[in-house]
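Asker: I'd like to ask you about the structure that follows.
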Amino acid sequence: MNPPGLLLRQPVRPAGDDRADAAERRLAAACLLAAIATGIWLRFWRLDWDGGFLLHPDEYNLIAAAARWRFAWGTDPGFHAYGGLALSLPIFVSYALSLLSGGDPFALQQLSHAARIVSAAQSSLALACLPLLASRAWPGRAGRWPAVVVAWLAALDVGLVQAAHFGTTESGLVLVVVLLALLAVLLHRDRIGPWSFAAASGALIGLGFGLKATAAAFTIIPAVAGLLALGRLGLLRLGAVALLGAVAGLAALGIVSPHTFRFGAAFLSTMRFEADVAAGRADVFWTLQFRSKPPAVFAIAQLPWLHGPLVPGVGLAGLLALVVRACQRHETALALLPLAVFTLVFDAFVLTLGAPFVRYWLPGAAGLLIGVAWIVTDLARSRTRASGRIAGAMAGLVLMLSVAWCYAFTAIYRAEDVRLQASRWLAAHLADGDRVLIEPHDVGLPLRVAPLPAAKIEVLPLLEPETAAGLDEYGRLLSGADRLIVASRRHSSVLPRLPGRFGIACAYYSALQSGELGLVEEVRFDNGPRLGDWRVPRGISEETFEVFDHPAVIVFRRARPVTRQAVVDVLARHRTGCRYRAGVLGRR
């Protein structure tokens, strides 16, 4: 039996060598089961990472809408950013949890836990279906090891693991993409008829739209699959099949999200706003991070955070090679072409956005992983021994780096969330009457993880229009503060880059960094990705990748008194030439 690293080459065996084939089959099955078990464990591990404090804002918006809606089918939930299926699935699971352990199914904490169970289950199903997709695309024994490679890469994919811990829609969207790609492969291999393919694909897209309108883009997959089948279907029959798919999609959407049709004006209004946000046209604080940055370059730089150092580049190269082979009428390439075309088109669209949030990349994850398997397998099947060795080395290196990156990332779940740690520390160190400053639009610390003293919490007006009265308000707040809490880099890494609009905020961070406000760093809580004592630098990661589940929290204390007028003078001086360096706030 060959070593595992060489099995990708699939050497030709004598026809009667059934024992070797059986041993290889058992080894591949064991590797596959190990990958799926590992991936499921990673997805369900520490779903309570925030201690029930609902620290993910998108998740909170979804479950708060579900709690208000209370599964009143067909009524307006007053929330159209996600569809009815995204609202109803957490409610179903929350009801099941109530039957098992009691509790109010519409309590936000229980709905949050239910939404995360839904997301982890969807991600686990996608993980199980990806190797099935590979094994059906590559015929017979040839599909064993591509399936194993894809399974391990998916199991360890940081973007998929992180999304599984959030009660949002990304895991469900990835599952829909994988199932559509699997149906396309089955159609190409004549394992499913065109009518069944159309009905199933249409229903899947309708269900996906019931999660989020992004699923409309997934029609690329069945459309390409249908065009590939044009020769044997004919134009008239293909049109009828497409019509069936459209009807099935609308029917599925009508069942799982009837309010999308009934309250179409509200839905379209929300979609216009979301489109403006994604395009960078909406003037909202959560898109400020993309100002003064080249969006396409910044977006590409986020891919390694999601998939590890090598998967994006190798996967893209594999998809391009797959398209070339499809043009040469290679059967496996043709079977996978719908997924490849979707991934390339969808990712190209993400690059055009003015606000490319890191989660926007996730529907393309399955295609990148298949691309890695393609290029490794294509090299391994070359007749030269050197190509086989390169394939084995590439597969081993990609998998090893994926293991290292996944282990580094899961450090954030191996310890208590830093905002809970900081809250416990503050509960022990604050005194009655202390004045504590926090920043706006961020988690308001301290959280009530322990009895809190009667401290006065005030909010800095970082995002308010700049006026003389506003500058004086900074003076009042900063001169009277006993402690200042920076709960994440949400403002400190963004506002100083826009001094023309947030000049006072930039001056505030510059003066805070220089120590001229009389506030010095007292304690820092940071549980970001790390390998041993080495912390992964996070300065270029997109904000939402970090601040939702592993921000750095800094607490400053009053070291010396500063008058109100002195603060105003310091800020006025720093405002003329902001010298703040993002990423080193508070370091001593």
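By convention in this document, the chains of the structure tokens carry letters A, B, ... by their order, each chain's residues are numbered from 1, and ligands are numbered from 1 in the order they are shown.
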Please identify all polymer residues within 12 Å of segment 451-460 of chain A, counting only C-alpha atoms, omitting same-chain residues fewer than 3 positions from it, and present them as a ChimeraX atom specification.
Answerer: /A:423-448,463-464,470-478,480-486,491,504-505,508-509
Asker: Neighbours of Gly226 of chain A within 9 Å (only C-alpha atoms; same-chain residues fewer than 4 positions away dropped), as a JSON list (two decimals) with N, CA, C and O atoms, in the first residue's frame?
Answerer:
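Here's the written file out.json:
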[["chain", "number", "residue", "atom", "x", "y", "z"],
["A", 184, "ALA", "N", -25.87, 19.96, -10.08],
["A", 184, "ALA", "CA", -25.30, 20.19, -11.42],
["A", 184, "ALA", "C", -24.42, 19.02, -11.84],
["A", 184, "ALA", "O", -24.46, 18.58, -13.02],
["A", 187, "LEU", "N", -26.68, 16.09, -12.73],
["A", 187, "LEU", "CA", -27.30, 16.29, -14.05],
["A", 187, "LEU", "C", -26.31, 15.95, -15.15],
["A", 187, "LEU", "O", -26.66, 15.26, -16.12],
["A", 194, "PRO", "N", -33.57, 16.23, -16.11],
["A", 194, "PRO", "CA", -33.62, 17.70, -16.18],
["A", 194, "PRO", "C", -34.81, 18.29, -15.43],
["A", 194, "PRO", "O", -34.69, 19.37, -14.85],
["A", 198, "ALA", "N", -34.40, 20.81, -12.33],
["A", 198, "ALA", "CA", -34.99, 22.15, -12.32],
["A", 198, "ALA", "C", -35.83, 22.37, -11.07],
["A", 198, "ALA", "O", -35.72, 23.42, -10.41],
["A", 221, "ILE", "N", -25.45, 28.86, -11.12],
["A", 221, "ILE", "CA", -25.08, 27.44, -11.14],
["A", 221, "ILE", "C", -26.04, 26.63, -12.00],
["A", 221, "ILE", "O", -25.61, 25.95, -12.95],
["A", 222, "PRO", "N", -27.35, 26.64, -11.74],
["A", 222, "PRO", "CA", -28.23, 25.87, -12.62],
["A", 222, "PRO", "C", -28.28, 26.43, -14.04],
["A", 222, "PRO", "O", -28.51, 25.67, -14.99],
["A", 230, "LEU", "N", -27.73, 21.88, -23.11],
["A", 230, "LEU", "CA", -28.55, 22.38, -24.21],
["A", 230, "LEU", "C", -28.55, 21.41, -25.39],
["A", 230, "LEU", "O", -29.59, 21.18, -26.02],
["A", 233, "LEU", "N", -30.96, 18.60, -24.65],
["A", 233, "LEU", "CA", -32.32, 18.99, -24.29],
["A", 233, "LEU", "C", -33.04, 19.73, -25.41],
["A", 233, "LEU", "O", -34.24, 19.56, -25.60],
["A", 238, "LEU", "N", -35.30, 23.18, -22.89],
["A", 238, "LEU", "CA", -34.51, 23.88, -21.87],
["A", 238, "LEU", "C", -35.31, 25.07, -21.32],
["A", 238, "LEU", "O", -35.29, 25.34, -20.11],
["A", 241, "VAL", "N", -37.82, 23.71, -18.93],
["A", 241, "VAL", "CA", -37.15, 23.31, -17.69],
["A", 241, "VAL", "C", -36.82, 24.53, -16.84],
["A", 241, "VAL", "O", -37.02, 24.53, -15.60],
["A", 242, "ALA", "N", -36.33, 25.60, -17.47],
["A", 242, "ALA", "CA", -36.02, 26.83, -16.74],
["A", 242, "ALA", "C", -37.28, 27.43, -16.12],
["A", 242, "ALA", "O", -37.26, 27.93, -14.99]]
Asker: Give me the segment 63-138 of chain A side of the contact with segment 326-339 of chain A, cut-off 10 Å, one line per residue showing its nearest atom pair and distance in Å at one decimal, counting only C-alpha atoms, sorted by chain and residue number, as CSV.
Answerer:
residue,atom,partner,partner_atom,distance
A:Leu133,CA,A:Leu336,CA,9.0
A:Ala134,CA,A:Leu336,CA,8.8
A:Arg136,CA,A:Ala335,CA,9.0
A:Ala137,CA,A:Thr332,CA,5.6
A:Trp138,CA,A:Thr332,CA,5.7
Asker: If we count only C-alpha atoms, what is near segment 308-322 of chain A at a cut-off of 10 Å, once residues fewer than 4 positions away on the same chain are taken out, given as a PyMOL selection string?
Answerer: chain A and resi 153+156-159+300+302-304+326-328+330+332-334+336-337+339-341+343-344+365-378+394+397-399+401-406
Asker: With N, CA and C atoms retained, write the just-selected residues as a tab-separated table (two decimals), in the first residue's frame.
Answerer:
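The file below, part38.tsv, is the result:
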chain	number	residue	atom	x	y	z
A	153	LEU	N	-9.97	20.35	4.05
A	153	LEU	CA	-9.89	21.80	3.88
A	153	LEU	C	-11.15	22.48	4.39
A	156	LEU	N	-11.35	22.52	8.28
A	156	LEU	CA	-10.42	23.43	8.94
A	156	LEU	C	-10.58	24.87	8.47
A	157	ASP	N	-11.52	25.13	7.57
A	157	ASP	CA	-11.66	26.48	7.01
A	157	ASP	C	-12.14	27.46	8.08
A	158	VAL	N	-11.32	28.45	8.37
A	158	VAL	CA	-11.62	29.39	9.46
A	158	VAL	C	-12.89	30.19	9.18
A	159	GLY	N	-13.08	30.61	7.94
A	159	GLY	CA	-14.28	31.36	7.62
A	159	GLY	C	-15.55	30.57	7.89
A	300	ILE	N	-9.30	41.55	-1.45
A	300	ILE	CA	-8.46	40.38	-1.73
A	300	ILE	C	-7.60	40.04	-0.52
A	302	GLN	N	-8.36	40.06	2.42
A	302	GLN	CA	-9.13	39.41	3.48
A	302	GLN	C	-9.23	37.90	3.29
A	303	LEU	N	-9.01	37.42	2.08
A	303	LEU	CA	-9.20	36.00	1.81
A	303	LEU	C	-8.33	35.09	2.67
A	304	PRO	N	-7.05	35.41	2.89
A	304	PRO	CA	-6.25	34.53	3.77
A	304	PRO	C	-6.78	34.46	5.20
A	326	ALA	N	-12.29	22.43	-19.07
A	326	ALA	CA	-13.68	22.29	-19.51
A	326	ALA	C	-13.82	22.70	-20.97
A	327	CYS	N	-13.08	23.73	-21.36
A	327	CYS	CA	-13.09	24.14	-22.76
A	327	CYS	C	-12.53	23.04	-23.67
A	328	GLN	N	-11.71	22.17	-23.10
A	328	GLN	CA	-11.16	21.03	-23.84
A	328	GLN	C	-12.05	19.79	-23.72
A	330	HIS	N	-13.10	18.16	-21.03
A	330	HIS	CA	-12.78	17.19	-19.99
A	330	HIS	C	-14.04	16.96	-19.16
A	332	THR	N	-14.82	15.61	-16.12
A	332	THR	CA	-14.90	16.07	-14.72
A	332	THR	C	-14.93	17.58	-14.65
A	333	ALA	N	-14.14	18.23	-15.49
A	333	ALA	CA	-14.14	19.70	-15.51
A	333	ALA	C	-15.51	20.23	-15.93
A	334	LEU	N	-16.14	19.59	-16.89
A	334	LEU	CA	-17.47	20.02	-17.31
A	334	LEU	C	-18.49	19.84	-16.18
A	336	LEU	N	-17.92	20.11	-13.04
A	336	LEU	CA	-17.66	21.12	-12.00
A	336	LEU	C	-17.72	22.54	-12.54
A	337	LEU	N	-17.89	22.70	-13.83
A	337	LEU	CA	-17.86	24.03	-14.44
A	337	LEU	C	-18.93	24.97	-13.86
A	339	LEU	N	-20.08	25.29	-10.84
A	339	LEU	CA	-19.56	25.82	-9.58
A	339	LEU	C	-18.38	26.77	-9.84
A	340	ALA	N	-17.50	26.39	-10.76
A	340	ALA	CA	-16.33	27.23	-11.05
A	340	ALA	C	-16.76	28.59	-11.61
A	341	VAL	N	-17.69	28.59	-12.56
A	341	VAL	CA	-18.15	29.85	-13.15
A	341	VAL	C	-18.82	30.72	-12.09
A	343	THR	N	-18.29	30.74	-8.86
A	343	THR	CA	-17.31	31.26	-7.92
A	343	THR	C	-16.53	32.42	-8.53
A	344	LEU	N	-16.10	32.27	-9.76
A	344	LEU	CA	-15.33	33.33	-10.41
A	344	LEU	C	-16.18	34.59	-10.62
A	365	ALA	N	-16.61	30.00	-1.01
A	365	ALA	CA	-15.65	29.12	-0.34
A	365	ALA	C	-15.62	27.73	-0.95
A	366	ALA	N	-16.78	27.16	-1.25
A	366	ALA	CA	-16.82	25.79	-1.79
A	366	ALA	C	-16.06	25.71	-3.11
A	367	GLY	N	-16.22	26.72	-3.96
A	367	GLY	CA	-15.51	26.70	-5.24
A	367	GLY	C	-14.01	26.76	-5.07
A	368	LEU	N	-13.52	27.58	-4.12
A	368	LEU	CA	-12.07	27.64	-3.89
A	368	LEU	C	-11.53	26.30	-3.41
A	369	LEU	N	-12.25	25.63	-2.52
A	369	LEU	CA	-11.78	24.34	-2.01
A	369	LEU	C	-11.76	23.29	-3.12
A	370	ILE	N	-12.78	23.30	-3.97
A	370	ILE	CA	-12.78	22.39	-5.13
A	370	ILE	C	-11.64	22.74	-6.07
A	371	GLY	N	-11.32	24.03	-6.19
A	371	GLY	CA	-10.20	24.44	-7.03
A	371	GLY	C	-8.88	23.89	-6.53
A	372	VAL	N	-8.68	23.87	-5.21
A	372	VAL	CA	-7.46	23.28	-4.64
A	372	VAL	C	-7.41	21.79	-4.99
A	373	ALA	N	-8.52	21.09	-4.79
A	373	ALA	CA	-8.55	19.66	-5.10
A	373	ALA	C	-8.29	19.41	-6.58
A	374	TRP	N	-8.79	20.31	-7.44
A	374	TRP	CA	-8.59	20.12	-8.87
A	374	TRP	C	-7.12	20.22	-9.25
A	375	ILE	N	-6.46	21.29	-8.80
A	375	ILE	CA	-5.08	21.48	-9.24
A	375	ILE	C	-4.17	20.40	-8.67
A	376	VAL	N	-4.43	19.96	-7.44
A	376	VAL	CA	-3.63	18.89	-6.85
A	376	VAL	C	-3.86	17.59	-7.59
A	377	THR	N	-5.10	17.27	-7.89
A	377	THR	CA	-5.44	16.02	-8.58
A	377	THR	C	-4.91	16.03	-10.01
A	378	ASP	N	-5.03	17.18	-10.68
A	378	ASP	CA	-4.56	17.27	-12.06
A	378	ASP	C	-3.05	17.06	-12.14
A	394	MET	N	2.25	19.85	-2.46
A	394	MET	CA	1.30	20.96	-2.41
A	394	MET	C	0.14	20.62	-1.49
A	397	LEU	N	1.38	20.74	2.11
A	397	LEU	CA	1.66	22.09	2.59
A	397	LEU	C	0.36	22.86	2.84
A	398	VAL	N	-0.59	22.76	1.90
A	398	VAL	CA	-1.87	23.46	2.07
A	398	VAL	C	-2.58	22.96	3.32
A	399	LEU	N	-2.59	21.64	3.52
A	399	LEU	CA	-3.28	21.09	4.69
A	399	LEU	C	-2.57	21.46	5.98
A	401	LEU	N	-0.72	24.15	6.61
A	401	LEU	CA	-0.96	25.55	6.91
A	401	LEU	C	-2.41	25.79	7.32
A	402	SER	N	-3.33	25.01	6.76
A	402	SER	CA	-4.73	25.12	7.18
A	402	SER	C	-4.90	24.67	8.62
A	403	VAL	N	-4.21	23.60	9.00
A	403	VAL	CA	-4.24	23.15	10.40
A	403	VAL	C	-3.69	24.23	11.32
A	404	ALA	N	-2.55	24.82	10.94
A	404	ALA	CA	-1.93	25.84	11.79
A	404	ALA	C	-2.83	27.06	11.92
A	405	TRP	N	-3.42	27.52	10.80
A	405	TRP	CA	-4.27	28.71	10.86
A	405	TRP	C	-5.54	28.44	11.65
A	406	CYS	N	-6.13	27.26	11.47
A	406	CYS	CA	-7.34	26.93	12.22
A	406	CYS	C	-7.04	26.84	13.72
Asker: Would you tabulate, counting only C-alpha atoms, all residues of segment 375-474 of chain A that have an atom at most 8 Å from an atom of segment 44-54 of chain A, showing the closest pair of atoms and their distance in Å to one decimal, sorted by chain then ascending number, as a tab-separated table?
Answerer:
residue	atom	partner	partner_atom	distance
A:Tyr413	CA	A:Trp49	CA	6.3
A:Glu416	CA	A:Trp49	CA	7.0
A:Asp417	CA	A:Asp50	CA	5.9
A:Leu420	CA	A:Asp50	CA	7.6
A:Leu447	CA	A:Phe53	CA	8.0
Asker: Output as a PyMOL selection string all residues of segment 464-516 of chain A that backbone DSSP marks as strand (DSSP E or B).
Answerer: chain A and resi 483-486
Asker: Go through segment 194-291 of chain A residue by residue and, counting only C-alpha atoms, keep those with an atom at most 12 Å from segment 67-82 of chain A; for each kept residue give the shortest atom pair and its distance in Å to one decimal, ordered by chain and increasing number, as a Markdown table.
Answerer:
| residue | atom | partner | partner_atom | distance |
| --- | --- | --- | --- | --- |
| A:Leu207 | CA | A:Tyr82 | CA | 11.7 |
| A:Gly208 | CA | A:Tyr82 | CA | 10.2 |
| A:Phe209 | CA | A:Tyr82 | CA | 8.5 |
| A:Gly210 | CA | A:Tyr82 | CA | 7.3 |
| A:Leu211 | CA | A:Tyr82 | CA | 5.7 |
| A:Lys212 | CA | A:Tyr82 | CA | 4.9 |
| A:Ala213 | CA | A:Tyr82 | CA | 7.3 |
| A:Thr214 | CA | A:Tyr82 | CA | 9.6 |
| A:Ala215 | CA | A:Tyr82 | CA | 11.0 |
| A:Gly254 | CA | A:Gly74 | CA | 9.6 |
| A:Ile255 | CA | A:Gly74 | CA | 9.5 |
| A:Val256 | CA | A:Trp73 | CA | 9.0 |
| A:Ser257 | CA | A:Gly74 | CA | 7.6 |
| A:Pro258 | CA | A:Gly74 | CA | 5.4 |
| A:His259 | CA | A:Gly74 | CA | 5.1 |
| A:Thr260 | CA | A:His80 | CA | 7.6 |
| A:Phe261 | CA | A:Gly74 | CA | 9.3 |
| A:Arg262 | CA | A:Gly74 | CA | 7.5 |
| A:Phe263 | CA | A:Asp76 | CA | 6.8 |
| A:Gly264 | CA | A:His80 | CA | 9.6 |
| A:Ala265 | CA | A:His80 | CA | 10.4 |
| A:Ala266 | CA | A:His80 | CA | 7.3 |
| A:Phe267 | CA | A:His80 | CA | 5.4 |
| A:Leu268 | CA | A:His80 | CA | 8.6 |
| A:Ser269 | CA | A:His80 | CA | 8.9 |
| A:Thr270 | CA | A:His80 | CA | 6.2 |
| A:Met271 | CA | A:Ala81 | CA | 7.1 |
| A:Arg272 | CA | A:Ala81 | CA | 10.4 |
| A:Phe273 | CA | A:Ala81 | CA | 9.4 |
| A:Glu274 | CA | A:Ala81 | CA | 7.5 |
| A:Ala275 | CA | A:Ala81 | CA | 10.7 |
| A:Val277 | CA | A:Ala81 | CA | 11.8 |
Asker: Figure out the distance between atom CA of Arg116 of chain A and atom CA of Ala163 of chain A, please, to one decimal in Å.
Answerer: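 If I compute the distance from atom CA of Ala163 of chain A to atom CA of Arg116 of chain A, I get 9.0 Å.
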Asker: Mind checking which residues fall within 8 Å of Ile205 of chain A, counting only C-alpha atoms, ignoring those fewer than 3 positions away in the same chain, and posting them as a PDB file with all heavy atoms, in the first residue's frame?
Answerer:
ATOM      1  N   VAL A 176     -26.472  25.962   0.468  1.00  0.00           N
ATOM      2  CA  VAL A 176     -27.255  26.030  -0.768  1.00  0.00           C
ATOM      3  C   VAL A 176     -26.338  25.951  -1.988  1.00  0.00           C
ATOM      4  O   VAL A 176     -26.631  25.238  -2.966  1.00  0.00           O
ATOM      5  CB  VAL A 176     -28.097  27.319  -0.802  1.00  0.00           C
ATOM      6  CG1 VAL A 176     -28.755  27.512  -2.173  1.00  0.00           C
ATOM      7  CG2 VAL A 176     -29.171  27.268   0.282  1.00  0.00           C
ATOM      8  N   SER A 201     -33.393  22.470  -7.981  1.00  0.00           N
ATOM      9  CA  SER A 201     -32.564  23.675  -7.986  1.00  0.00           C
ATOM     10  C   SER A 201     -33.393  24.910  -7.697  1.00  0.00           C
ATOM     11  O   SER A 201     -32.988  25.790  -6.922  1.00  0.00           O
ATOM     12  CB  SER A 201     -31.855  23.831  -9.334  1.00  0.00           C
ATOM     13  OG  SER A 201     -30.959  22.766  -9.563  1.00  0.00           O
ATOM     14  N   GLY A 202     -34.567  25.006  -8.330  1.00  0.00           N
ATOM     15  CA  GLY A 202     -35.426  26.152  -8.082  1.00  0.00           C
ATOM     16  C   GLY A 202     -35.859  26.237  -6.633  1.00  0.00           C
ATOM     17  O   GLY A 202     -35.844  27.319  -6.023  1.00  0.00           O
ATOM     18  N   GLY A 208     -32.935  29.460  -0.331  1.00  0.00           N
ATOM     19  CA  GLY A 208     -31.795  30.345  -0.087  1.00  0.00           C
ATOM     20  C   GLY A 208     -32.216  31.797  -0.025  1.00  0.00           C
ATOM     21  O   GLY A 208     -31.757  32.564   0.826  1.00  0.00           O
ATOM     22  N   PHE A 209     -33.126  32.196  -0.928  1.00  0.00           N
ATOM     23  CA  PHE A 209     -33.646  33.562  -0.908  1.00  0.00           C
ATOM     24  C   PHE A 209     -34.415  33.808   0.387  1.00  0.00           C
ATOM     25  O   PHE A 209     -34.453  34.930   0.904  1.00  0.00           O
ATOM     26  CB  PHE A 209     -34.554  33.789  -2.121  1.00  0.00           C
ATOM     27  CG  PHE A 209     -34.674  35.226  -2.532  1.00  0.00           C
ATOM     28  CD1 PHE A 209     -33.983  35.708  -3.625  1.00  0.00           C
ATOM     29  CD2 PHE A 209     -35.487  36.100  -1.830  1.00  0.00           C
ATOM     30  CE1 PHE A 209     -34.098  37.037  -4.016  1.00  0.00           C
ATOM     31  CE2 PHE A 209     -35.605  37.429  -2.195  1.00  0.00           C
ATOM     32  CZ  PHE A 209     -34.903  37.902  -3.294  1.00  0.00           C
ATOM     33  N   ALA A 215     -28.951  34.929  -2.372  1.00  0.00           N
ATOM     34  CA  ALA A 215     -29.126  33.648  -3.064  1.00  0.00           C
ATOM     35  C   ALA A 215     -29.605  33.816  -4.498  1.00  0.00           C
ATOM     36  O   ALA A 215     -29.514  32.871  -5.294  1.00  0.00           O
ATOM     37  CB  ALA A 215     -30.096  32.774  -2.280  1.00  0.00           C
ATOM     38  N   ALA A 216     -30.107  34.983  -4.860  1.00  0.00           N
ATOM     39  CA  ALA A 216     -30.514  35.198  -6.249  1.00  0.00           C
ATOM     40  C   ALA A 216     -29.336  34.993  -7.200  1.00  0.00           C
ATOM     41  O   ALA A 216     -29.510  34.535  -8.336  1.00  0.00           O
ATOM     42  CB  ALA A 216     -31.095  36.597  -6.413  1.00  0.00           C
ATOM     43  N   PHE A 218     -27.171  32.795  -6.989  1.00  0.00           N
ATOM     44  CA  PHE A 218     -26.857  31.369  -7.122  1.00  0.00           C
ATOM     45  C   PHE A 218     -27.509  30.748  -8.350  1.00  0.00           C
ATOM     46  O   PHE A 218     -27.199  29.599  -8.700  1.00  0.00           O
ATOM     47  CB  PHE A 218     -27.296  30.604  -5.877  1.00  0.00           C
ATOM     48  CG  PHE A 218     -26.670  31.094  -4.590  1.00  0.00           C
ATOM     49  CD1 PHE A 218     -27.121  30.624  -3.366  1.00  0.00           C
ATOM     50  CD2 PHE A 218     -25.633  32.020  -4.595  1.00  0.00           C
ATOM     51  CE1 PHE A 218     -26.548  31.062  -2.182  1.00  0.00           C
ATOM     52  CE2 PHE A 218     -25.061  32.473  -3.422  1.00  0.00           C
ATOM     53  CZ  PHE A 218     -25.523  31.996  -2.206  1.00  0.00           C
ATOM     54  N   THR A 219     -28.418  31.479  -9.015  1.00  0.00           N
ATOM     55  CA  THR A 219     -29.018  30.969 -10.248  1.00  0.00           C
ATOM     56  C   THR A 219     -27.965  30.736 -11.331  1.00  0.00           C
ATOM     57  O   THR A 219     -28.235  30.034 -12.312  1.00  0.00           O
ATOM     58  CB  THR A 219     -30.076  31.949 -10.776  1.00  0.00           C
ATOM     59  OG1 THR A 219     -29.482  33.253 -10.919  1.00  0.00           O
ATOM     60  CG2 THR A 219     -31.257  32.041  -9.827  1.00  0.00           C
ATOM     61  N   GLY A 249     -38.884  27.895  -7.535  1.00  0.00           N
ATOM     62  CA  GLY A 249     -38.222  28.865  -6.665  1.00  0.00           C
ATOM     63  C   GLY A 249     -39.200  29.831  -6.035  1.00  0.00           C
ATOM     64  O   GLY A 249     -39.137  30.099  -4.829  1.00  0.00           O
TER      65      GLY A 249
END
Asker: Can you tell me how far atom CA of Ile40 of chain A sits from atom CA of Ile540 of chain A, in Å to one decimal?
Answerer: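 It comes out at 29.2 Å.
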Asker: Expressed in Å to a single decimal, how great is the separation between atom CA of Val174 of chain A and atom CA of Ala391 of chain A?
Answerer: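 Pair atom CA of Val174 of chain A / atom CA of Ala391 of chain A returns 27.2 Å.
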Asker: List every residue of segment 196-308 of chain A that DSSP, applied to the backbone of this structure, places in alpha helix (DSSP H), and write the result as a PyMOL selection string.
Answerer: chain A and resi 196-211+220-228+230-233+235-256+259-262+264-279+295-307
Asker: Give me the residues within 9 Å of Pro465 of chain A as a PDB file with all heavy atoms, in the first residue's frame, counting only C-alpha atoms and dropping any in the same chain fewer than 3 places off.
Answerer:
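Now in around-v8.pdb:
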ATOM      1  N   PRO A 461     -18.693  61.526  22.197  1.00  0.00           N
ATOM      2  CA  PRO A 461     -19.428  61.846  20.961  1.00  0.00           C
ATOM      3  C   PRO A 461     -18.539  61.733  19.716  1.00  0.00           C
ATOM      4  O   PRO A 461     -18.417  62.688  18.931  1.00  0.00           O
ATOM      5  CB  PRO A 461     -19.893  63.281  21.201  1.00  0.00           C
ATOM      6  CG  PRO A 461     -18.806  63.879  22.045  1.00  0.00           C
ATOM      7  CD  PRO A 461     -18.316  62.755  22.940  1.00  0.00           C
ATOM      8  N   LEU A 462     -17.921  60.573  19.503  1.00  0.00           N
ATOM      9  CA  LEU A 462     -16.921  60.449  18.443  1.00  0.00           C
ATOM     10  C   LEU A 462     -17.499  60.671  17.050  1.00  0.00           C
ATOM     11  O   LEU A 462     -16.797  61.159  16.156  1.00  0.00           O
ATOM     12  CB  LEU A 462     -16.276  59.052  18.502  1.00  0.00           C
ATOM     13  CG  LEU A 462     -15.464  58.721  19.748  1.00  0.00           C
ATOM     14  CD1 LEU A 462     -14.883  57.327  19.642  1.00  0.00           C
ATOM     15  CD2 LEU A 462     -14.346  59.740  19.951  1.00  0.00           C
ATOM     16  N   GLY A 470     -19.158  70.855  20.780  1.00  0.00           N
ATOM     17  CA  GLY A 470     -18.719  69.470  20.832  1.00  0.00           C
ATOM     18  C   GLY A 470     -17.314  69.353  21.388  1.00  0.00           C
ATOM     19  O   GLY A 470     -17.017  68.442  22.174  1.00  0.00           O
ATOM     20  N   ARG A 501     -13.191  64.784   8.348  1.00  0.00           N
ATOM     21  CA  ARG A 501     -14.556  64.655   8.870  1.00  0.00           C
ATOM     22  C   ARG A 501     -14.563  64.455  10.381  1.00  0.00           C
ATOM     23  O   ARG A 501     -15.482  64.924  11.057  1.00  0.00           O
ATOM     24  CB  ARG A 501     -15.251  63.479   8.185  1.00  0.00           C
ATOM     25  CG  ARG A 501     -16.670  63.232   8.672  1.00  0.00           C
ATOM     26  CD  ARG A 501     -17.352  62.176   7.837  1.00  0.00           C
ATOM     27  NE  ARG A 501     -18.690  61.875   8.321  1.00  0.00           N
ATOM     28  CZ  ARG A 501     -19.502  60.972   7.779  1.00  0.00           C
ATOM     29  NH1 ARG A 501     -19.109  60.309   6.698  1.00  0.00           N
ATOM     30  NH2 ARG A 501     -20.693  60.744   8.286  1.00  0.00           N
ATOM     31  N   PHE A 502     -13.552  63.755  10.896  1.00  0.00           N
ATOM     32  CA  PHE A 502     -13.512  63.430  12.324  1.00  0.00           C
ATOM     33  C   PHE A 502     -12.224  63.980  12.939  1.00  0.00           C
ATOM     34  O   PHE A 502     -11.439  63.247  13.544  1.00  0.00           O
ATOM     35  CB  PHE A 502     -13.608  61.918  12.538  1.00  0.00           C
ATOM     36  CG  PHE A 502     -14.857  61.296  11.983  1.00  0.00           C
ATOM     37  CD1 PHE A 502     -14.824  60.571  10.800  1.00  0.00           C
ATOM     38  CD2 PHE A 502     -16.075  61.453  12.631  1.00  0.00           C
ATOM     39  CE1 PHE A 502     -15.978  60.000  10.279  1.00  0.00           C
ATOM     40  CE2 PHE A 502     -17.238  60.888  12.118  1.00  0.00           C
ATOM     41  CZ  PHE A 502     -17.188  60.163  10.934  1.00  0.00           C
TER      42      PHE A 502
END
Asker: Which residue gives the smallest distance to Pro499 of chain A among A:Arg575, A:Leu89, A:Pro131, A:Ile412, with only C-alpha atoms counted?
Answerer: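 Of the candidates, the smallest distance to Pro499 of chain A is held by A:Arg575.
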